[in-house]
Amino acid sequence: MGSSGSGKTTLLNVIGCIDKASTGQVLLDGIDVSKMPENQLYKIRRDKMGFIFQTFNLLPYLNARENVELPMEGKIKSKADRKKRASELLTIVGLSGRENHRPQRLSAGEQQRVAIARALANDPAIILADEPTGNLDTKNKHEIIKVLAHLNLTRGTTIIMVTHDNQAANHTERMLLLKDGRIVKEKEGLHLAKKNHKCPHCGSSIALKDDMCPSCKMPLYASEEIFSS
Amino acid sequence: MGIINRALRNISRRKIRASLVIIALGFAMAIMISIPAGVMANQQSANSLADNLSSTITQTGQSINQTLSQIDLSMAVEFSGFGFARPNSTIPAGFNGGPPNGGGSGGNDFIMDPSQFGGGMGGGFFGGGTFGGGQASPMNETLYADINSTISGISAVEPILQASEGSNQTVSFMGRSFTRPITEYTIEGIPLTSDLIDNYNILPANITAGRNLQAGDTGVVVLSENNSAYFNAGVGDTISILDQEFTVIGIHGTTSTSDLLTLYMNLSDAQTVTNNAGYITSIRVFTASSDVVSEVATTISSMHSELTVTTGEQRLSQLESLQSMYTTALESAQASVSSTQTVAFQEIVVVVAATSLIVLFVMLYTVRERTKEIGTLKAIGFSNATVMGQFMLEGIFLSVIAGVVGIAIGVVAAPTLSSLLLPSVSGSLFQGVGSIARTVTSTGAVSISLELILIAFGAALLLGALGSLYPAWRAAKIRPAEAMKYE
């Protein structure tokens, strides 16, 4: 998190190998990718990263399934395999049956779910999300956060997310506050507590879908400013 | 969902823009194929023109040689008009001649066609009509028998009877009526002796159907193509000339305006049918060599002062100036072809440049417009090469579709387009040779060959690739971080 110009997106871009760090190095599996040439970087982006954008960035002239297939093109040779995998991924994000819809026929929430399926195309180690809920209403926002949390729990995918939204931020394990390009604060998120199925307030057992602790009734989302300083 | 499919879908995404670009490119392509087609057609017509001219030049040369040993004799008369009096005979009964200066009594007048005098000689456009001059009157054959028998240096004599059949047409002009003769056909009687036929050029040249006249032929006739239409008869048919039946044995192709209406038959037949037994209209004298021509001519003049004696030498300068005119025309045809090629080359360079520029600008615009999309593609793992390939393909498809449109336009509009864009070969020739060009010009048809279509298709492919090279490179250079930006 952080105010505008604090360097959130830049950090995300540097991690995602779509921008170069002017100083320092970026280690990915122990390899410095900051000096890598573009003809190797694109493979890292394709195989290890998945991107989710605030504006979804789906190709308007392709349907949902074709959009999901895009990153697989350089990796999976068989057309049928790509089609099958794309359909599976769309089912995971809850869009089975809408494979042949073009983006303009999908709601904002559905579009973002297609984008998530696309990010998962090549089973990436990291998903980089730039304000994924920024253009969504409360209901859709909640859905997307749930989908992302679910991915982390079931597939073990690391999700690095830039957000202005406290609710979304609270769903993470670890929150970082950036200011002028530096990390100024760090905080544990509720996702870790949920992962451990323990209420951070009273220690009693909680379920992932719970919005408040069933025993102490404390909210599991903080509504106040998380990094109030 | 390969890049080919994506490229095609991208084109169809902006339908109006794509259509406009395709129409613009299509016209450029149409021009591109029309120009070579036009050049080829021009070249063809120039070539056939050159062929015609050079054979004409050769013919003229032959005529010059032939003419040098020939003398034409005829009777000059003072009156003009048609219908003729016979100075040294009485008019045969039944001959429906008009008064000397009058307009004939209508109906089927038997008239002289002044332009036919000397016709057949040389067989070119320079038959008598152009420079024969004067009018001919019938002359009694027996009065001139002495020419062949008494003058030395003459190897043969060809008596000819020419007579035209026609009608008078009354025309109204400014409230006054005039009568003018219209020739329907001209009968030329040739003496069909084997000596003359075998050794001298007396028969009609260029038989297109049937056979030519032979020694001893009688009751037969060789028609011109015009005659054939006039009598509505072909080879083998029987026609009636002045109430007498003749069998058509051949058709001669017209080589000049002077024999357009001429039908050939045996001299004796001609004399009978025109009721002119014993009469001829001209005598052609063949001398042994060109050295004795002037001597023979002088002798004839002194023997028969009433005759107009025309020697080849008098025609020589005219033939020679004709020949030089043809040579000039040939040169101007060649010059005109080369200037056409220069213009065509310049136009093609302009069109090629314009086509590439259209593709370049459209694709640059497309790339700019889709910066975010390209950034996204790169962020999700597309290589520079794939992105570049997609945009190259888009440009190539665009111009190939335009190429098809252009070929379609070109096939329909090539003659119009090429005549608009190229100077015409025949046009420049008409100025040089005047009316003669009419007989030597052949207009080449502008047509699009399969080869040309394939070349145009290749050019479309190449220009599409060329024009989209830089935009595609620009697309490949877009940073993936562009995907993160707001629009």
# chains A, B, ... in the order shown; residues from 1 in each chain; ligands from 1

call {"tool": "interface_residues", "arguments": {"of": "chain A", "to": "chain B", "cutoff": "9 Å", "atoms": "only C-alpha atoms", "output": "ChimeraX atom specification"}}
result
/A:9-10,13,16-19,38-47,49-51,53-55,57-59,61-62,66,69-74,79,118-119,130

call {"tool": "write_last_selection", "arguments": {"atoms": "N, CA and C atoms", "output": "mmCIF file, in the first residue's frame"}}
result
data_model
loop_
_atom_site.group_PDB
_atom_site.id
_atom_site.type_symbol
_atom_site.label_atom_id
_atom_site.label_comp_id
_atom_site.auth_asym_id
_atom_site.auth_seq_id
_atom_site.Cartn_x
_atom_site.Cartn_y
_atom_site.Cartn_z
ATOM 1 N N THR A 9 3.518 0.575 -7.961
ATOM 2 C CA THR A 9 3.450 -0.054 -9.283
ATOM 3 C C THR A 9 4.847 -0.315 -9.834
ATOM 4 N N THR A 10 5.749 0.647 -9.577
ATOM 5 C CA THR A 10 7.129 0.467 -10.047
ATOM 6 C C THR A 10 7.744 -0.791 -9.432
ATOM 7 N N ASN A 13 6.284 -3.729 -11.125
ATOM 8 C CA ASN A 13 6.844 -3.894 -12.470
ATOM 9 C C ASN A 13 8.248 -4.482 -12.426
ATOM 10 N N GLY A 16 7.986 -8.028 -11.600
ATOM 11 C CA GLY A 16 7.386 -8.760 -12.725
ATOM 12 C C GLY A 16 8.220 -8.751 -13.985
ATOM 13 N N CYS A 17 9.426 -8.206 -13.908
ATOM 14 C CA CYS A 17 10.330 -8.164 -15.064
ATOM 15 C C CYS A 17 9.732 -7.389 -16.235
ATOM 16 N N ILE A 18 8.870 -6.421 -15.976
ATOM 17 C CA ILE A 18 8.397 -5.601 -17.090
ATOM 18 C C ILE A 18 8.974 -4.200 -16.995
ATOM 19 N N ASP A 19 9.795 -3.969 -16.016
ATOM 20 C CA ASP A 19 10.503 -2.699 -15.910
ATOM 21 C C ASP A 19 11.877 -3.026 -15.342
ATOM 22 N N GLU A 38 15.896 -8.865 -23.053
ATOM 23 C CA GLU A 38 14.459 -9.049 -23.297
ATOM 24 C C GLU A 38 14.126 -10.444 -23.857
ATOM 25 N N ASN A 39 15.025 -10.985 -24.681
ATOM 26 C CA ASN A 39 14.686 -12.281 -25.294
ATOM 27 C C ASN A 39 14.707 -13.444 -24.300
ATOM 28 N N GLN A 40 15.185 -13.165 -23.042
ATOM 29 C CA GLN A 40 15.033 -14.195 -22.010
ATOM 30 C C GLN A 40 13.947 -13.806 -21.023
ATOM 31 N N LEU A 41 13.826 -12.473 -20.826
ATOM 32 C CA LEU A 41 12.852 -11.984 -19.848
ATOM 33 C C LEU A 41 11.425 -12.391 -20.197
ATOM 34 N N TYR A 42 11.103 -12.378 -21.509
ATOM 35 C CA TYR A 42 9.711 -12.659 -21.861
ATOM 36 C C TYR A 42 9.315 -14.077 -21.460
ATOM 37 N N LYS A 43 10.314 -14.972 -21.466
ATOM 38 C CA LYS A 43 10.022 -16.353 -21.066
ATOM 39 C C LYS A 43 9.748 -16.427 -19.566
ATOM 40 N N ILE A 44 10.507 -15.633 -18.782
ATOM 41 C CA ILE A 44 10.275 -15.616 -17.334
ATOM 42 C C ILE A 44 8.875 -15.098 -17.044
ATOM 43 N N ARG A 45 8.502 -14.000 -17.776
ATOM 44 C CA ARG A 45 7.159 -13.449 -17.576
ATOM 45 C C ARG A 45 6.096 -14.484 -17.941
ATOM 46 N N ARG A 46 6.370 -15.193 -19.017
ATOM 47 C CA ARG A 46 5.378 -16.145 -19.504
ATOM 48 C C ARG A 46 5.240 -17.348 -18.564
ATOM 49 N N ASP A 47 6.404 -17.856 -18.081
ATOM 50 C CA ASP A 47 6.376 -19.130 -17.354
ATOM 51 C C ASP A 47 6.220 -18.964 -15.843
ATOM 52 N N MET A 49 5.387 -15.770 -14.126
ATOM 53 C CA MET A 49 4.569 -14.655 -13.631
ATOM 54 C C MET A 49 3.160 -14.727 -14.222
ATOM 55 N N GLY A 50 2.243 -14.160 -13.450
ATOM 56 C CA GLY A 50 0.917 -13.937 -14.012
ATOM 57 C C GLY A 50 0.522 -12.515 -13.659
ATOM 58 N N PHE A 51 -0.042 -11.791 -14.640
ATOM 59 C CA PHE A 51 -0.377 -10.391 -14.382
ATOM 60 C C PHE A 51 -1.882 -10.175 -14.326
ATOM 61 N N PHE A 53 -4.468 -6.803 -14.067
ATOM 62 C CA PHE A 53 -4.432 -5.349 -14.161
ATOM 63 C C PHE A 53 -5.720 -4.741 -13.635
ATOM 64 N N GLN A 54 -5.608 -3.470 -13.215
ATOM 65 C CA GLN A 54 -6.803 -2.771 -12.734
ATOM 66 C C GLN A 54 -7.857 -2.666 -13.840
ATOM 67 N N THR A 55 -7.376 -2.443 -15.075
ATOM 68 C CA THR A 55 -8.319 -2.278 -16.197
ATOM 69 C C THR A 55 -8.519 -3.588 -16.969
ATOM 70 N N ASN A 57 -7.411 -5.412 -19.046
ATOM 71 C CA ASN A 57 -6.560 -5.591 -20.238
ATOM 72 C C ASN A 57 -6.832 -6.883 -21.010
ATOM 73 N N LEU A 58 -8.109 -7.173 -21.197
ATOM 74 C CA LEU A 58 -8.435 -8.314 -22.058
ATOM 75 C C LEU A 58 -8.452 -7.824 -23.503
ATOM 76 N N LEU A 59 -8.128 -8.721 -24.432
ATOM 77 C CA LEU A 59 -8.196 -8.330 -25.840
ATOM 78 C C LEU A 59 -9.653 -8.375 -26.291
ATOM 79 N N TYR A 61 -11.206 -8.365 -29.021
ATOM 80 C CA TYR A 61 -11.654 -9.133 -30.192
ATOM 81 C C TYR A 61 -11.489 -10.641 -29.989
ATOM 82 N N LEU A 62 -11.135 -11.031 -28.750
ATOM 83 C CA LEU A 62 -11.037 -12.462 -28.456
ATOM 84 C C LEU A 62 -12.065 -12.793 -27.384
ATOM 85 N N GLU A 66 -10.256 -17.630 -25.496
ATOM 86 C CA GLU A 66 -9.099 -17.254 -26.313
ATOM 87 C C GLU A 66 -8.160 -16.327 -25.549
ATOM 88 N N GLU A 69 -6.140 -18.411 -23.346
ATOM 89 C CA GLU A 69 -5.166 -19.219 -24.101
ATOM 90 C C GLU A 69 -3.911 -18.435 -24.486
ATOM 91 N N LEU A 70 -4.035 -17.111 -24.567
ATOM 92 C CA LEU A 70 -2.926 -16.290 -25.087
ATOM 93 C C LEU A 70 -1.535 -16.653 -24.535
ATOM 94 N N PRO A 71 -1.356 -16.661 -23.197
ATOM 95 C CA PRO A 71 0.002 -16.910 -22.701
ATOM 96 C C PRO A 71 0.494 -18.333 -22.985
ATOM 97 N N MET A 72 -0.436 -19.254 -23.279
ATOM 98 C CA MET A 72 -0.040 -20.651 -23.499
ATOM 99 C C MET A 72 0.577 -20.848 -24.870
ATOM 100 N N GLU A 73 0.326 -19.868 -25.780
ATOM 101 C CA GLU A 73 0.705 -20.055 -27.173
ATOM 102 C C GLU A 73 2.148 -20.496 -27.374
ATOM 103 N N GLY A 74 3.060 -19.848 -26.653
ATOM 104 C CA GLY A 74 4.462 -20.190 -26.836
ATOM 105 C C GLY A 74 4.857 -21.454 -26.084
ATOM 106 N N LYS A 79 -3.296 -27.357 -29.878
ATOM 107 C CA LYS A 79 -4.416 -26.429 -29.810
ATOM 108 C C LYS A 79 -5.493 -26.958 -28.863
ATOM 109 N N ARG A 118 -6.393 -16.028 -16.994
ATOM 110 C CA ARG A 118 -5.288 -15.829 -17.934
ATOM 111 C C ARG A 118 -3.947 -15.810 -17.191
ATOM 112 N N ALA A 119 -3.929 -15.150 -16.012
ATOM 113 C CA ALA A 119 -2.695 -15.080 -15.235
ATOM 114 C C ALA A 119 -2.258 -16.472 -14.795
ATOM 115 N N ASP A 130 -2.095 -5.456 -10.004
ATOM 116 C CA ASP A 130 -2.036 -4.011 -9.811
ATOM 117 C C ASP A 130 -3.454 -3.494 -9.597
#

call {"tool": "select_by_dssp", "arguments": {"residues": "stretch 31-149 of chain A", "states": "strand (DSSP E or B)", "output": "list in words"}}
result
Ile31, Asp32, Met49, Gly50, Phe51, Ile52, Ile126, Ile127, Leu128, Ala129 and Asp130 of chain A

call {"tool": "write_last_selection", "arguments": {"atoms": "C-alpha atoms", "output": "compact mmCIF listing (two decimals), in the first residue's frame"}}
result
# COMPACT_ATOMS: atom_id res chain seq x y z
CA ILE A 31 19.15 -15.49 -10.50
CA ASP A 32 19.61 -11.75 -11.04
CA MET A 49 4.57 -14.65 -13.63
CA GLY A 50 0.92 -13.94 -14.01
CA PHE A 51 -0.38 -10.39 -14.38
CA ILE A 52 -3.67 -8.95 -13.27
CA ILE A 126 3.85 -15.43 -8.63
CA ILE A 127 0.76 -13.48 -9.56
CA LEU A 128 1.29 -9.74 -9.74
CA ALA A 129 -1.87 -7.76 -9.31
CA ASP A 130 -2.04 -4.01 -9.81

call {"tool": "residues_around", "arguments": {"residues": "B:Ala353", "least_positions_apart": "2", "cutoff": "12 Å", "atoms": "only C-alpha atoms", "output": "number ranges by chain"}}
result
B: 25, 28-29, 32, 346-351, 355-360, 459, 463-464, 466-467

call {"tool": "write_last_selection", "arguments": {"atoms": "all heavy atoms", "output": "CSV table (one decimal), in the first residue's frame"}}
result
chain,number,residue,atom,x,y,z
B,25,LEU,N,-5.8,1.6,-51.1
B,25,LEU,CA,-4.8,0.7,-51.6
B,25,LEU,C,-5.2,0.0,-52.9
B,25,LEU,O,-4.4,-0.2,-53.8
B,25,LEU,CB,-4.4,-0.3,-50.5
B,25,LEU,CG,-3.6,0.2,-49.4
B,25,LEU,CD1,-3.5,-0.9,-48.3
B,25,LEU,CD2,-2.3,0.7,-49.8
B,28,ALA,N,-4.6,2.1,-55.8
B,28,ALA,CA,-3.2,2.2,-56.1
B,28,ALA,C,-2.7,0.9,-56.8
B,28,ALA,O,-2.0,0.9,-57.8
B,28,ALA,CB,-2.4,2.4,-54.8
B,29,MET,N,-3.2,-0.2,-56.3
B,29,MET,CA,-2.9,-1.5,-56.9
B,29,MET,C,-3.4,-1.6,-58.4
B,29,MET,O,-2.7,-2.1,-59.3
B,29,MET,CB,-3.5,-2.7,-56.1
B,29,MET,CG,-2.9,-2.8,-54.7
B,29,MET,SD,-1.3,-3.6,-54.7
B,29,MET,CE,-1.0,-3.5,-52.9
B,32,MET,N,-1.3,0.2,-60.5
B,32,MET,CA,-0.1,-0.5,-60.7
B,32,MET,C,-0.2,-1.6,-61.7
B,32,MET,O,0.8,-1.8,-62.5
B,32,MET,CB,0.4,-1.1,-59.3
B,32,MET,CG,1.8,-1.0,-59.1
B,32,MET,SD,2.4,-1.6,-57.6
B,32,MET,CE,1.2,-1.4,-56.4
B,346,GLN,N,7.9,6.1,-64.0
B,346,GLN,CA,7.8,7.2,-63.0
B,346,GLN,C,6.5,7.0,-62.2
B,346,GLN,O,6.5,7.1,-61.0
B,346,GLN,CB,7.8,8.6,-63.7
B,346,GLN,CG,9.2,9.0,-64.2
B,346,GLN,CD,9.1,10.1,-65.2
B,346,GLN,OE1,8.0,10.5,-65.7
B,346,GLN,NE2,10.2,10.7,-65.5
B,347,GLU,N,5.4,6.7,-63.0
B,347,GLU,CA,4.1,6.5,-62.3
B,347,GLU,C,4.1,5.3,-61.3
B,347,GLU,O,3.6,5.4,-60.2
B,347,GLU,CB,3.0,6.3,-63.3
B,347,GLU,CG,2.6,7.7,-64.0
B,347,GLU,CD,1.7,7.5,-65.1
B,347,GLU,OE1,1.4,6.4,-65.5
B,347,GLU,OE2,1.2,8.5,-65.6
B,348,ILE,N,4.8,4.3,-61.8
B,348,ILE,CA,4.8,3.1,-60.9
B,348,ILE,C,5.6,3.4,-59.6
B,348,ILE,O,5.3,3.0,-58.5
B,348,ILE,CB,5.4,1.9,-61.7
B,348,ILE,CG1,4.3,1.3,-62.6
B,348,ILE,CG2,5.9,0.8,-60.7
B,348,ILE,CD1,4.7,0.1,-63.3
B,349,VAL,N,6.7,4.2,-59.8
B,349,VAL,CA,7.5,4.5,-58.6
B,349,VAL,C,6.6,5.3,-57.6
B,349,VAL,O,6.6,5.0,-56.4
B,349,VAL,CB,8.8,5.4,-59.0
B,349,VAL,CG1,9.4,6.0,-57.8
B,349,VAL,CG2,9.8,4.5,-59.7
B,350,VAL,N,5.9,6.3,-58.1
B,350,VAL,CA,5.0,7.1,-57.3
B,350,VAL,C,3.9,6.2,-56.6
B,350,VAL,O,3.7,6.3,-55.4
B,350,VAL,CB,4.3,8.2,-58.1
B,350,VAL,CG1,3.2,8.9,-57.3
B,350,VAL,CG2,5.3,9.2,-58.6
B,351,VAL,N,3.3,5.3,-57.4
B,351,VAL,CA,2.3,4.4,-56.8
B,351,VAL,C,2.8,3.5,-55.7
B,351,VAL,O,2.2,3.3,-54.7
B,351,VAL,CB,1.6,3.6,-57.9
B,351,VAL,CG1,0.7,2.6,-57.3
B,351,VAL,CG2,0.8,4.6,-58.8
B,355,THR,N,1.6,3.5,-52.0
B,355,THR,CA,1.1,2.3,-51.4
B,355,THR,C,1.8,2.0,-50.1
B,355,THR,O,1.2,1.8,-49.0
B,355,THR,CB,1.2,1.1,-52.3
B,355,THR,OG1,0.7,1.5,-53.6
B,355,THR,CG2,0.5,-0.1,-51.8
B,356,SER,N,3.1,2.0,-50.1
B,356,SER,CA,3.9,1.7,-48.9
B,356,SER,C,3.6,2.8,-47.8
B,356,SER,O,3.5,2.4,-46.7
B,356,SER,CB,5.4,1.7,-49.2
B,356,SER,OG,5.7,1.0,-50.4
B,357,LEU,N,3.5,4.0,-48.2
B,357,LEU,CA,3.2,5.1,-47.2
B,357,LEU,C,1.9,4.9,-46.6
B,357,LEU,O,1.7,5.1,-45.4
B,357,LEU,CB,3.3,6.5,-47.9
B,357,LEU,CG,4.8,7.0,-48.1
B,357,LEU,CD1,4.8,8.3,-48.8
B,357,LEU,CD2,5.5,7.1,-46.7
B,358,ILE,N,0.9,4.5,-47.4
B,358,ILE,CA,-0.5,4.3,-46.8
B,358,ILE,C,-0.4,3.2,-45.8
B,358,ILE,O,-0.8,3.4,-44.6
B,358,ILE,CB,-1.5,3.9,-47.9
B,358,ILE,CG1,-1.8,5.1,-48.9
B,358,ILE,CG2,-2.8,3.4,-47.3
B,358,ILE,CD1,-2.6,4.7,-50.1
B,359,VAL,N,0.2,2.1,-46.1
B,359,VAL,CA,0.4,1.0,-45.2
B,359,VAL,C,1.2,1.5,-43.9
B,359,VAL,O,0.8,1.2,-42.8
B,359,VAL,CB,1.1,-0.2,-45.8
B,359,VAL,CG1,1.3,-1.3,-44.8
B,359,VAL,CG2,0.3,-0.8,-47.0
B,360,LEU,N,2.2,2.2,-44.2
B,360,LEU,CA,3.1,2.7,-43.1
B,360,LEU,C,2.3,3.5,-42.1
B,360,LEU,O,2.3,3.3,-40.9
B,360,LEU,CB,4.2,3.5,-43.7
B,360,LEU,CG,5.2,4.1,-42.6
B,360,LEU,CD1,6.1,3.1,-42.1
B,360,LEU,CD2,6.0,5.3,-43.2
B,459,ALA,N,3.6,-8.1,-55.5
B,459,ALA,CA,3.9,-6.7,-55.2
B,459,ALA,C,3.1,-6.2,-53.9
B,459,ALA,O,3.7,-5.6,-53.0
B,459,ALA,CB,3.6,-5.7,-56.3
B,463,LEU,N,4.9,-4.9,-50.7
B,463,LEU,CA,4.7,-3.6,-50.2
B,463,LEU,C,4.0,-3.6,-48.9
B,463,LEU,O,4.3,-2.7,-48.0
B,463,LEU,CB,3.8,-2.8,-51.2
B,463,LEU,CG,4.4,-2.6,-52.6
B,463,LEU,CD1,3.4,-1.8,-53.5
B,463,LEU,CD2,5.7,-1.8,-52.4
B,464,GLY,N,3.2,-4.5,-48.6
B,464,GLY,CA,2.6,-4.7,-47.3
B,464,GLY,C,3.6,-4.9,-46.2
B,464,GLY,O,3.7,-4.3,-45.2
B,466,LEU,N,6.8,-4.2,-46.6
B,466,LEU,CA,7.7,-3.1,-46.5
B,466,LEU,C,7.1,-2.0,-45.7
B,466,LEU,O,7.8,-1.4,-44.8
B,466,LEU,CB,7.9,-2.6,-47.9
B,466,LEU,CG,9.2,-1.8,-48.2
B,466,LEU,CD1,10.4,-2.8,-48.2
B,466,LEU,CD2,9.1,-1.2,-49.6
B,467,GLY,N,5.8,-1.7,-45.9
B,467,GLY,CA,5.1,-0.6,-45.2
B,467,GLY,C,4.9,-0.9,-43.8
B,467,GLY,O,4.9,0.0,-42.9

call {"tool": "atom_distance", "arguments": {"atom1": "atom CA of B:Phe345", "atom2": "atom CA of B:Ala414"}}
result
16.6 Å
